[in-house]
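Heads up, query.cif below (mmCIF, N, CA and C atoms):
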```cif
data_entry
#
loop_
_atom_site.label_atom_id
_atom_site.label_comp_id
_atom_site.auth_asym_id
_atom_site.auth_seq_id
_atom_site.Cartn_x
_atom_site.Cartn_y
_atom_site.Cartn_z
N MET A 233 65.97 138.17 52.58
CA MET A 233 65.35 138.82 53.69
C MET A 233 66.11 140.11 54.01
N ALA A 234 65.40 141.22 54.22
CA ALA A 234 66.03 142.51 54.49
C ALA A 234 66.54 142.57 55.93
N LYS A 235 67.64 143.29 56.12
CA LYS A 235 68.17 143.48 57.46
C LYS A 235 67.34 144.49 58.22
N THR A 236 67.18 144.26 59.50
CA THR A 236 66.49 145.24 60.33
C THR A 236 67.46 146.36 60.69
N LYS A 237 66.95 147.47 61.22
CA LYS A 237 67.80 148.59 61.60
C LYS A 237 68.85 148.14 62.62
N ARG A 238 68.44 147.31 63.57
CA ARG A 238 69.35 146.84 64.61
C ARG A 238 70.50 146.05 64.01
N GLU A 239 70.21 145.20 63.03
CA GLU A 239 71.24 144.37 62.42
C GLU A 239 72.21 145.19 61.59
N SER A 240 71.76 146.30 61.01
CA SER A 240 72.61 147.07 60.13
C SER A 240 73.49 148.07 60.87
N MET A 241 73.24 148.31 62.15
CA MET A 241 74.05 149.24 62.93
C MET A 241 75.34 148.57 63.38
N SER A 242 76.42 149.32 63.31
CA SER A 242 77.66 148.81 63.89
C SER A 242 77.57 148.95 65.40
N SER A 243 78.48 148.33 66.11
CA SER A 243 78.50 148.42 67.57
C SER A 243 78.65 149.86 68.04
N GLU A 244 79.52 150.61 67.38
CA GLU A 244 79.73 152.02 67.76
C GLU A 244 78.50 152.87 67.46
N GLU A 245 77.84 152.60 66.34
CA GLU A 245 76.61 153.33 66.02
C GLU A 245 75.52 153.02 67.05
N ARG A 246 75.42 151.78 67.45
CA ARG A 246 74.43 151.40 68.45
C ARG A 246 74.73 152.07 69.78
N LYS A 247 76.01 152.09 70.19
CA LYS A 247 76.39 152.76 71.43
C LYS A 247 76.04 154.24 71.37
N THR A 248 76.36 154.89 70.28
CA THR A 248 76.07 156.31 70.11
C THR A 248 74.57 156.57 70.18
N SER A 249 73.80 155.73 69.54
CA SER A 249 72.34 155.86 69.57
C SER A 249 71.83 155.74 71.00
N ILE A 250 72.32 154.77 71.74
CA ILE A 250 71.90 154.59 73.13
C ILE A 250 72.30 155.80 73.96
N LEU A 251 73.52 156.27 73.80
CA LEU A 251 74.00 157.42 74.57
C LEU A 251 73.14 158.65 74.32
N ASN A 252 72.76 158.87 73.09
CA ASN A 252 71.92 160.02 72.76
C ASN A 252 70.52 159.89 73.37
N LYS A 253 70.00 158.68 73.42
CA LYS A 253 68.64 158.47 73.91
C LYS A 253 68.53 158.48 75.43
N VAL A 254 69.60 158.14 76.14
CA VAL A 254 69.51 158.09 77.61
C VAL A 254 69.84 159.42 78.28
N THR A 255 70.38 160.35 77.55
CA THR A 255 70.76 161.65 78.12
C THR A 255 69.58 162.32 78.82
N GLY A 256 68.45 162.34 78.17
CA GLY A 256 67.26 162.98 78.74
C GLY A 256 66.77 162.30 80.01
N VAL A 257 66.90 160.98 80.07
CA VAL A 257 66.47 160.24 81.26
C VAL A 257 67.34 160.64 82.45
N PHE A 258 68.65 160.64 82.25
CA PHE A 258 69.55 161.05 83.33
C PHE A 258 69.29 162.51 83.71
N ALA A 259 69.01 163.36 82.74
CA ALA A 259 68.77 164.78 83.02
C ALA A 259 67.51 164.97 83.86
N ARG A 260 66.47 164.22 83.58
CA ARG A 260 65.21 164.35 84.32
C ARG A 260 65.26 163.72 85.70
N LYS A 261 65.86 162.55 85.80
CA LYS A 261 65.78 161.77 87.04
C LYS A 261 67.06 161.79 87.87
N GLY A 262 68.15 162.29 87.29
CA GLY A 262 69.43 162.23 87.99
C GLY A 262 69.99 160.82 87.99
N PHE A 263 71.24 160.70 88.38
CA PHE A 263 71.89 159.38 88.36
C PHE A 263 71.21 158.42 89.33
N ALA A 264 71.03 158.85 90.58
CA ALA A 264 70.48 157.98 91.61
C ALA A 264 69.03 157.59 91.33
N GLY A 265 68.27 158.48 90.72
CA GLY A 265 66.86 158.22 90.47
C GLY A 265 66.57 157.45 89.20
N THR A 266 67.59 157.16 88.43
CA THR A 266 67.41 156.47 87.16
C THR A 266 67.71 154.99 87.33
N ARG A 267 66.79 154.16 86.85
CA ARG A 267 67.00 152.71 86.88
C ARG A 267 67.42 152.23 85.49
N THR A 268 68.15 151.14 85.46
CA THR A 268 68.59 150.62 84.16
C THR A 268 67.41 150.23 83.29
N VAL A 269 66.31 149.83 83.88
CA VAL A 269 65.13 149.50 83.10
C VAL A 269 64.60 150.75 82.38
N ASP A 270 64.68 151.92 83.05
CA ASP A 270 64.27 153.18 82.42
C ASP A 270 65.18 153.52 81.24
N LEU A 271 66.46 153.30 81.42
CA LEU A 271 67.44 153.59 80.37
C LEU A 271 67.23 152.69 79.16
N ALA A 272 67.04 151.40 79.43
CA ALA A 272 66.83 150.44 78.35
C ALA A 272 65.55 150.78 77.57
N LYS A 273 64.50 151.13 78.29
CA LYS A 273 63.23 151.47 77.64
C LYS A 273 63.40 152.70 76.77
N ALA A 274 64.07 153.74 77.28
CA ALA A 274 64.28 154.97 76.51
C ALA A 274 65.10 154.71 75.25
N ALA A 275 66.07 153.80 75.37
CA ALA A 275 66.96 153.50 74.24
C ALA A 275 66.36 152.46 73.29
N GLY A 276 65.30 151.80 73.71
CA GLY A 276 64.68 150.78 72.86
C GLY A 276 65.50 149.52 72.77
N VAL A 277 66.23 149.20 73.86
CA VAL A 277 67.06 148.00 73.89
C VAL A 277 66.78 147.25 75.19
N SER A 278 67.36 146.08 75.32
CA SER A 278 67.20 145.30 76.54
C SER A 278 68.21 145.76 77.60
N GLN A 279 67.87 145.49 78.87
CA GLN A 279 68.83 145.77 79.93
C GLN A 279 70.10 144.97 79.73
N ALA A 280 69.96 143.76 79.23
CA ALA A 280 71.13 142.91 78.99
C ALA A 280 72.11 143.59 78.03
N LEU A 281 71.59 144.26 77.01
CA LEU A 281 72.47 144.94 76.06
C LEU A 281 73.17 146.12 76.73
N ILE A 282 72.45 146.84 77.60
CA ILE A 282 73.07 147.94 78.35
C ILE A 282 74.27 147.40 79.13
N TYR A 283 74.06 146.29 79.85
CA TYR A 283 75.15 145.70 80.64
C TYR A 283 76.27 145.18 79.75
N LYS A 284 75.93 144.60 78.61
CA LYS A 284 76.95 144.07 77.70
C LYS A 284 77.82 145.20 77.14
N LEU A 285 77.20 146.31 76.75
CA LEU A 285 77.95 147.39 76.10
C LEU A 285 78.66 148.32 77.09
N PHE A 286 78.06 148.52 78.28
CA PHE A 286 78.60 149.54 79.18
C PHE A 286 78.98 149.01 80.56
N GLY A 287 78.71 147.76 80.84
CA GLY A 287 79.08 147.17 82.12
C GLY A 287 78.02 147.34 83.19
N ASP A 288 77.65 148.59 83.46
CA ASP A 288 76.62 148.89 84.44
C ASP A 288 76.13 150.32 84.24
N LYS A 289 75.24 150.77 85.12
CA LYS A 289 74.68 152.12 84.97
C LYS A 289 75.78 153.18 85.06
N GLU A 290 76.73 153.00 85.94
CA GLU A 290 77.82 153.96 86.07
C GLU A 290 78.66 154.01 84.80
N GLY A 291 78.91 152.86 84.19
CA GLY A 291 79.65 152.81 82.94
C GLY A 291 78.92 153.53 81.82
N LEU A 292 77.60 153.37 81.78
CA LEU A 292 76.79 154.05 80.78
C LEU A 292 76.81 155.56 81.02
N TYR A 293 76.68 155.96 82.28
CA TYR A 293 76.69 157.38 82.63
C TYR A 293 78.04 158.02 82.25
N THR A 294 79.12 157.34 82.58
CA THR A 294 80.46 157.83 82.25
C THR A 294 80.62 157.96 80.74
N ALA A 295 80.17 156.96 79.99
CA ALA A 295 80.26 157.00 78.53
C ALA A 295 79.42 158.14 77.96
N MET A 296 78.24 158.39 78.57
CA MET A 296 77.38 159.47 78.10
C MET A 296 78.05 160.83 78.33
N ILE A 297 78.62 161.03 79.51
CA ILE A 297 79.32 162.29 79.80
C ILE A 297 80.48 162.50 78.83
N HIS A 298 81.27 161.46 78.62
CA HIS A 298 82.40 161.54 77.69
C HIS A 298 81.91 161.87 76.28
N HIS A 299 80.84 161.21 75.85
CA HIS A 299 80.26 161.44 74.52
C HIS A 299 79.84 162.90 74.36
N LYS A 300 79.19 163.44 75.38
CA LYS A 300 78.73 164.84 75.31
C LYS A 300 79.91 165.80 75.31
N LEU A 301 80.95 165.52 76.07
CA LEU A 301 82.14 166.37 76.07
C LEU A 301 82.80 166.38 74.69
N VAL A 302 82.87 165.24 74.05
CA VAL A 302 83.44 165.15 72.71
C VAL A 302 82.59 165.96 71.74
N GLU A 303 81.26 165.87 71.86
CA GLU A 303 80.38 166.65 70.99
C GLU A 303 80.63 168.15 71.18
N VAL A 304 80.79 168.58 72.41
CA VAL A 304 81.05 170.00 72.68
C VAL A 304 82.38 170.41 72.04
N GLN A 305 83.40 169.59 72.22
CA GLN A 305 84.72 169.89 71.66
C GLN A 305 84.67 169.98 70.14
N GLN A 306 83.83 169.17 69.52
CA GLN A 306 83.72 169.15 68.07
C GLN A 306 82.71 170.15 67.55
N GLY A 307 82.05 170.85 68.46
CA GLY A 307 81.06 171.83 68.05
C GLY A 307 79.75 171.23 67.59
N ALA A 308 79.53 169.96 67.86
CA ALA A 308 78.33 169.28 67.39
C ALA A 308 77.06 169.73 68.12
N LEU A 309 77.20 170.35 69.27
CA LEU A 309 76.02 170.78 70.01
C LEU A 309 75.64 172.22 69.71
N GLY A 310 76.40 172.88 68.87
CA GLY A 310 76.10 174.26 68.54
C GLY A 310 76.52 175.24 69.62
N VAL A 311 77.36 174.78 70.55
CA VAL A 311 77.85 175.64 71.62
C VAL A 311 79.18 176.20 71.19
N GLU A 312 79.28 177.49 71.15
CA GLU A 312 80.52 178.12 70.71
C GLU A 312 81.31 178.61 71.92
N PRO A 313 82.60 178.39 71.95
CA PRO A 313 83.40 178.91 73.04
C PRO A 313 83.47 180.44 72.95
N PRO A 314 83.68 181.13 74.07
CA PRO A 314 83.79 182.57 74.02
C PRO A 314 85.01 182.99 73.20
N PRO A 315 84.99 184.18 72.61
CA PRO A 315 86.13 184.65 71.82
C PRO A 315 87.38 184.74 72.68
N THR A 316 88.50 184.43 72.11
CA THR A 316 89.77 184.51 72.82
C THR A 316 90.06 185.96 73.18
N GLY A 317 90.49 186.17 74.41
CA GLY A 317 90.85 187.50 74.86
C GLY A 317 89.65 188.33 75.31
N ASP A 318 88.47 187.74 75.32
CA ASP A 318 87.27 188.47 75.74
C ASP A 318 86.89 188.01 77.14
N ASP A 319 87.41 188.71 78.15
CA ASP A 319 87.19 188.30 79.53
C ASP A 319 85.73 188.40 79.95
N GLU A 320 84.99 189.33 79.38
CA GLU A 320 83.59 189.50 79.74
C GLU A 320 82.77 188.30 79.29
N ALA A 321 83.09 187.72 78.14
CA ALA A 321 82.34 186.57 77.63
C ALA A 321 82.59 185.39 78.51
#
```

Once you've parsed the file, please lay out its structure as structure tokens.
Amino acid sequence: MAKTKRESMSSEERKTSILNKVTGVFARKGFAGTRTVDLAKAAGVSQALIYKLFGDKEGLYTAMIHHKLVEVQQGALGVEPPPTGDDEA
């Protein structure tokens, strides 16, 4: 029997996938306006998995912010820092 996509993902890959998928929900609705059911639906997972992996909505939000900051630091978002010594930039 072949493994499903869910079974073949590592825990870290699954977390990263969820973090990428919930970013837009938080961006549209804000932290207070977003329900965990909305996040789970956007990520294609159960609310129980959200709680298991991140503790609660605040834990997920914190992990998402951290994930995005790491992406920026690594240049994964295509955002380039201004040139050194260029005060106008």

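Between CA of Ala259 (chain A) and CA of Gly291 (chain A) lies a distance of 16.2 Å.
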
Residue nearest Ile250 (chain A) among A:Ala280, A:Glu290, A:Ala264, A:Met296 (counting only C-alpha atoms) =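 That would be A:Met296, the residue with the smallest distance to Ile250 (chain A).
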
Which distance in Å separates CA of Tyr283 (chain A) and atom C of Gln305 (chain A), to one decimal?
->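 Atom-to-atom, CA of Tyr283 (chain A) and atom C of Gln305 (chain A) are spaced 28.1 Å apart.
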
Selection near Lys247 (chain A), 12 Å with only C-alpha atoms, sequence-local residues under 2 positions removed, as a VMD selection string | chain A and resid 238 241 to 245 249 to 254 275 to 277 281 to 286 291 to 292 295 to 296 299

Find the distance between atom N of Phe263 (chain A) and atom C of Val304 (chain A) and write it in Å to one decimal.
->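 Separation of atom N of Phe263 (chain A) and atom C of Val304 (chain A): 22.0 Å.
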
Close residues, Thr268 (chain A) itself excluded, 8 Å, all atoms listed in the file, min 2 positions apart in chain, as a ChimeraX atom specification = /A:265-266,270-274,278-279,282,288-289

Would you fill out region 238-254 of chain A with N, CA, C and O atoms and return it as a PDB file, in the coordinates of the input?
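Written file, result_8.pdb:
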```
ATOM      1  N   ARG A 238      68.440 147.310  63.570  1.00  0.00           N
ATOM      2  CA  ARG A 238      69.350 146.840  64.610  1.00  0.00           C
ATOM      3  C   ARG A 238      70.500 146.050  64.010  1.00  0.00           C
ATOM      4  O   ARG A 238      71.633 146.204  64.391  1.00  0.00           O
ATOM      5  N   GLU A 239      70.210 145.200  63.030  1.00  0.00           N
ATOM      6  CA  GLU A 239      71.240 144.370  62.420  1.00  0.00           C
ATOM      7  C   GLU A 239      72.210 145.190  61.590  1.00  0.00           C
ATOM      8  O   GLU A 239      73.372 144.852  61.493  1.00  0.00           O
ATOM      9  N   SER A 240      71.760 146.300  61.010  1.00  0.00           N
ATOM     10  CA  SER A 240      72.610 147.070  60.130  1.00  0.00           C
ATOM     11  C   SER A 240      73.490 148.070  60.870  1.00  0.00           C
ATOM     12  O   SER A 240      74.387 148.642  60.276  1.00  0.00           O
ATOM     13  N   MET A 241      73.240 148.310  62.150  1.00  0.00           N
ATOM     14  CA  MET A 241      74.050 149.240  62.930  1.00  0.00           C
ATOM     15  C   MET A 241      75.340 148.570  63.380  1.00  0.00           C
ATOM     16  O   MET A 241      75.322 147.426  63.820  1.00  0.00           O
ATOM     17  N   SER A 242      76.420 149.320  63.310  1.00  0.00           N
ATOM     18  CA  SER A 242      77.660 148.810  63.890  1.00  0.00           C
ATOM     19  C   SER A 242      77.570 148.950  65.400  1.00  0.00           C
ATOM     20  O   SER A 242      76.697 149.649  65.926  1.00  0.00           O
ATOM     21  N   SER A 243      78.480 148.330  66.110  1.00  0.00           N
ATOM     22  CA  SER A 243      78.500 148.420  67.570  1.00  0.00           C
ATOM     23  C   SER A 243      78.650 149.860  68.040  1.00  0.00           C
ATOM     24  O   SER A 243      77.971 150.298  68.963  1.00  0.00           O
ATOM     25  N   GLU A 244      79.520 150.610  67.380  1.00  0.00           N
ATOM     26  CA  GLU A 244      79.730 152.020  67.760  1.00  0.00           C
ATOM     27  C   GLU A 244      78.500 152.870  67.460  1.00  0.00           C
ATOM     28  O   GLU A 244      78.150 153.748  68.243  1.00  0.00           O
ATOM     29  N   GLU A 245      77.840 152.600  66.340  1.00  0.00           N
ATOM     30  CA  GLU A 245      76.610 153.330  66.020  1.00  0.00           C
ATOM     31  C   GLU A 245      75.520 153.020  67.050  1.00  0.00           C
ATOM     32  O   GLU A 245      74.792 153.923  67.466  1.00  0.00           O
ATOM     33  N   ARG A 246      75.420 151.780  67.450  1.00  0.00           N
ATOM     34  CA  ARG A 246      74.430 151.400  68.450  1.00  0.00           C
ATOM     35  C   ARG A 246      74.730 152.070  69.780  1.00  0.00           C
ATOM     36  O   ARG A 246      73.832 152.605  70.432  1.00  0.00           O
ATOM     37  N   LYS A 247      76.010 152.090  70.190  1.00  0.00           N
ATOM     38  CA  LYS A 247      76.390 152.760  71.430  1.00  0.00           C
ATOM     39  C   LYS A 247      76.040 154.240  71.370  1.00  0.00           C
ATOM     40  O   LYS A 247      75.476 154.793  72.324  1.00  0.00           O
ATOM     41  N   THR A 248      76.360 154.890  70.280  1.00  0.00           N
ATOM     42  CA  THR A 248      76.070 156.310  70.110  1.00  0.00           C
ATOM     43  C   THR A 248      74.570 156.570  70.180  1.00  0.00           C
ATOM     44  O   THR A 248      74.122 157.515  70.827  1.00  0.00           O
ATOM     45  N   SER A 249      73.800 155.730  69.540  1.00  0.00           N
ATOM     46  CA  SER A 249      72.340 155.860  69.570  1.00  0.00           C
ATOM     47  C   SER A 249      71.830 155.740  71.000  1.00  0.00           C
ATOM     48  O   SER A 249      70.997 156.554  71.442  1.00  0.00           O
ATOM     49  N   ILE A 250      72.320 154.770  71.740  1.00  0.00           N
ATOM     50  CA  ILE A 250      71.900 154.590  73.130  1.00  0.00           C
ATOM     51  C   ILE A 250      72.300 155.800  73.960  1.00  0.00           C
ATOM     52  O   ILE A 250      71.489 156.327  74.731  1.00  0.00           O
ATOM     53  N   LEU A 251      73.520 156.270  73.800  1.00  0.00           N
ATOM     54  CA  LEU A 251      74.000 157.420  74.570  1.00  0.00           C
ATOM     55  C   LEU A 251      73.140 158.650  74.320  1.00  0.00           C
ATOM     56  O   LEU A 251      72.811 159.389  75.254  1.00  0.00           O
ATOM     57  N   ASN A 252      72.760 158.870  73.090  1.00  0.00           N
ATOM     58  CA  ASN A 252      71.920 160.020  72.760  1.00  0.00           C
ATOM     59  C   ASN A 252      70.520 159.890  73.370  1.00  0.00           C
ATOM     60  O   ASN A 252      69.934 160.883  73.798  1.00  0.00           O
ATOM     61  N   LYS A 253      70.000 158.680  73.420  1.00  0.00           N
ATOM     62  CA  LYS A 253      68.640 158.470  73.910  1.00  0.00           C
ATOM     63  C   LYS A 253      68.530 158.480  75.430  1.00  0.00           C
ATOM     64  O   LYS A 253      67.474 158.800  75.961  1.00  0.00           O
ATOM     65  N   VAL A 254      69.600 158.140  76.140  1.00  0.00           N
ATOM     66  CA  VAL A 254      69.510 158.090  77.610  1.00  0.00           C
ATOM     67  C   VAL A 254      69.840 159.420  78.280  1.00  0.00           C
ATOM     68  O   VAL A 254      69.563 159.594  79.462  1.00  0.00           O
TER      69      VAL A 254
END
```
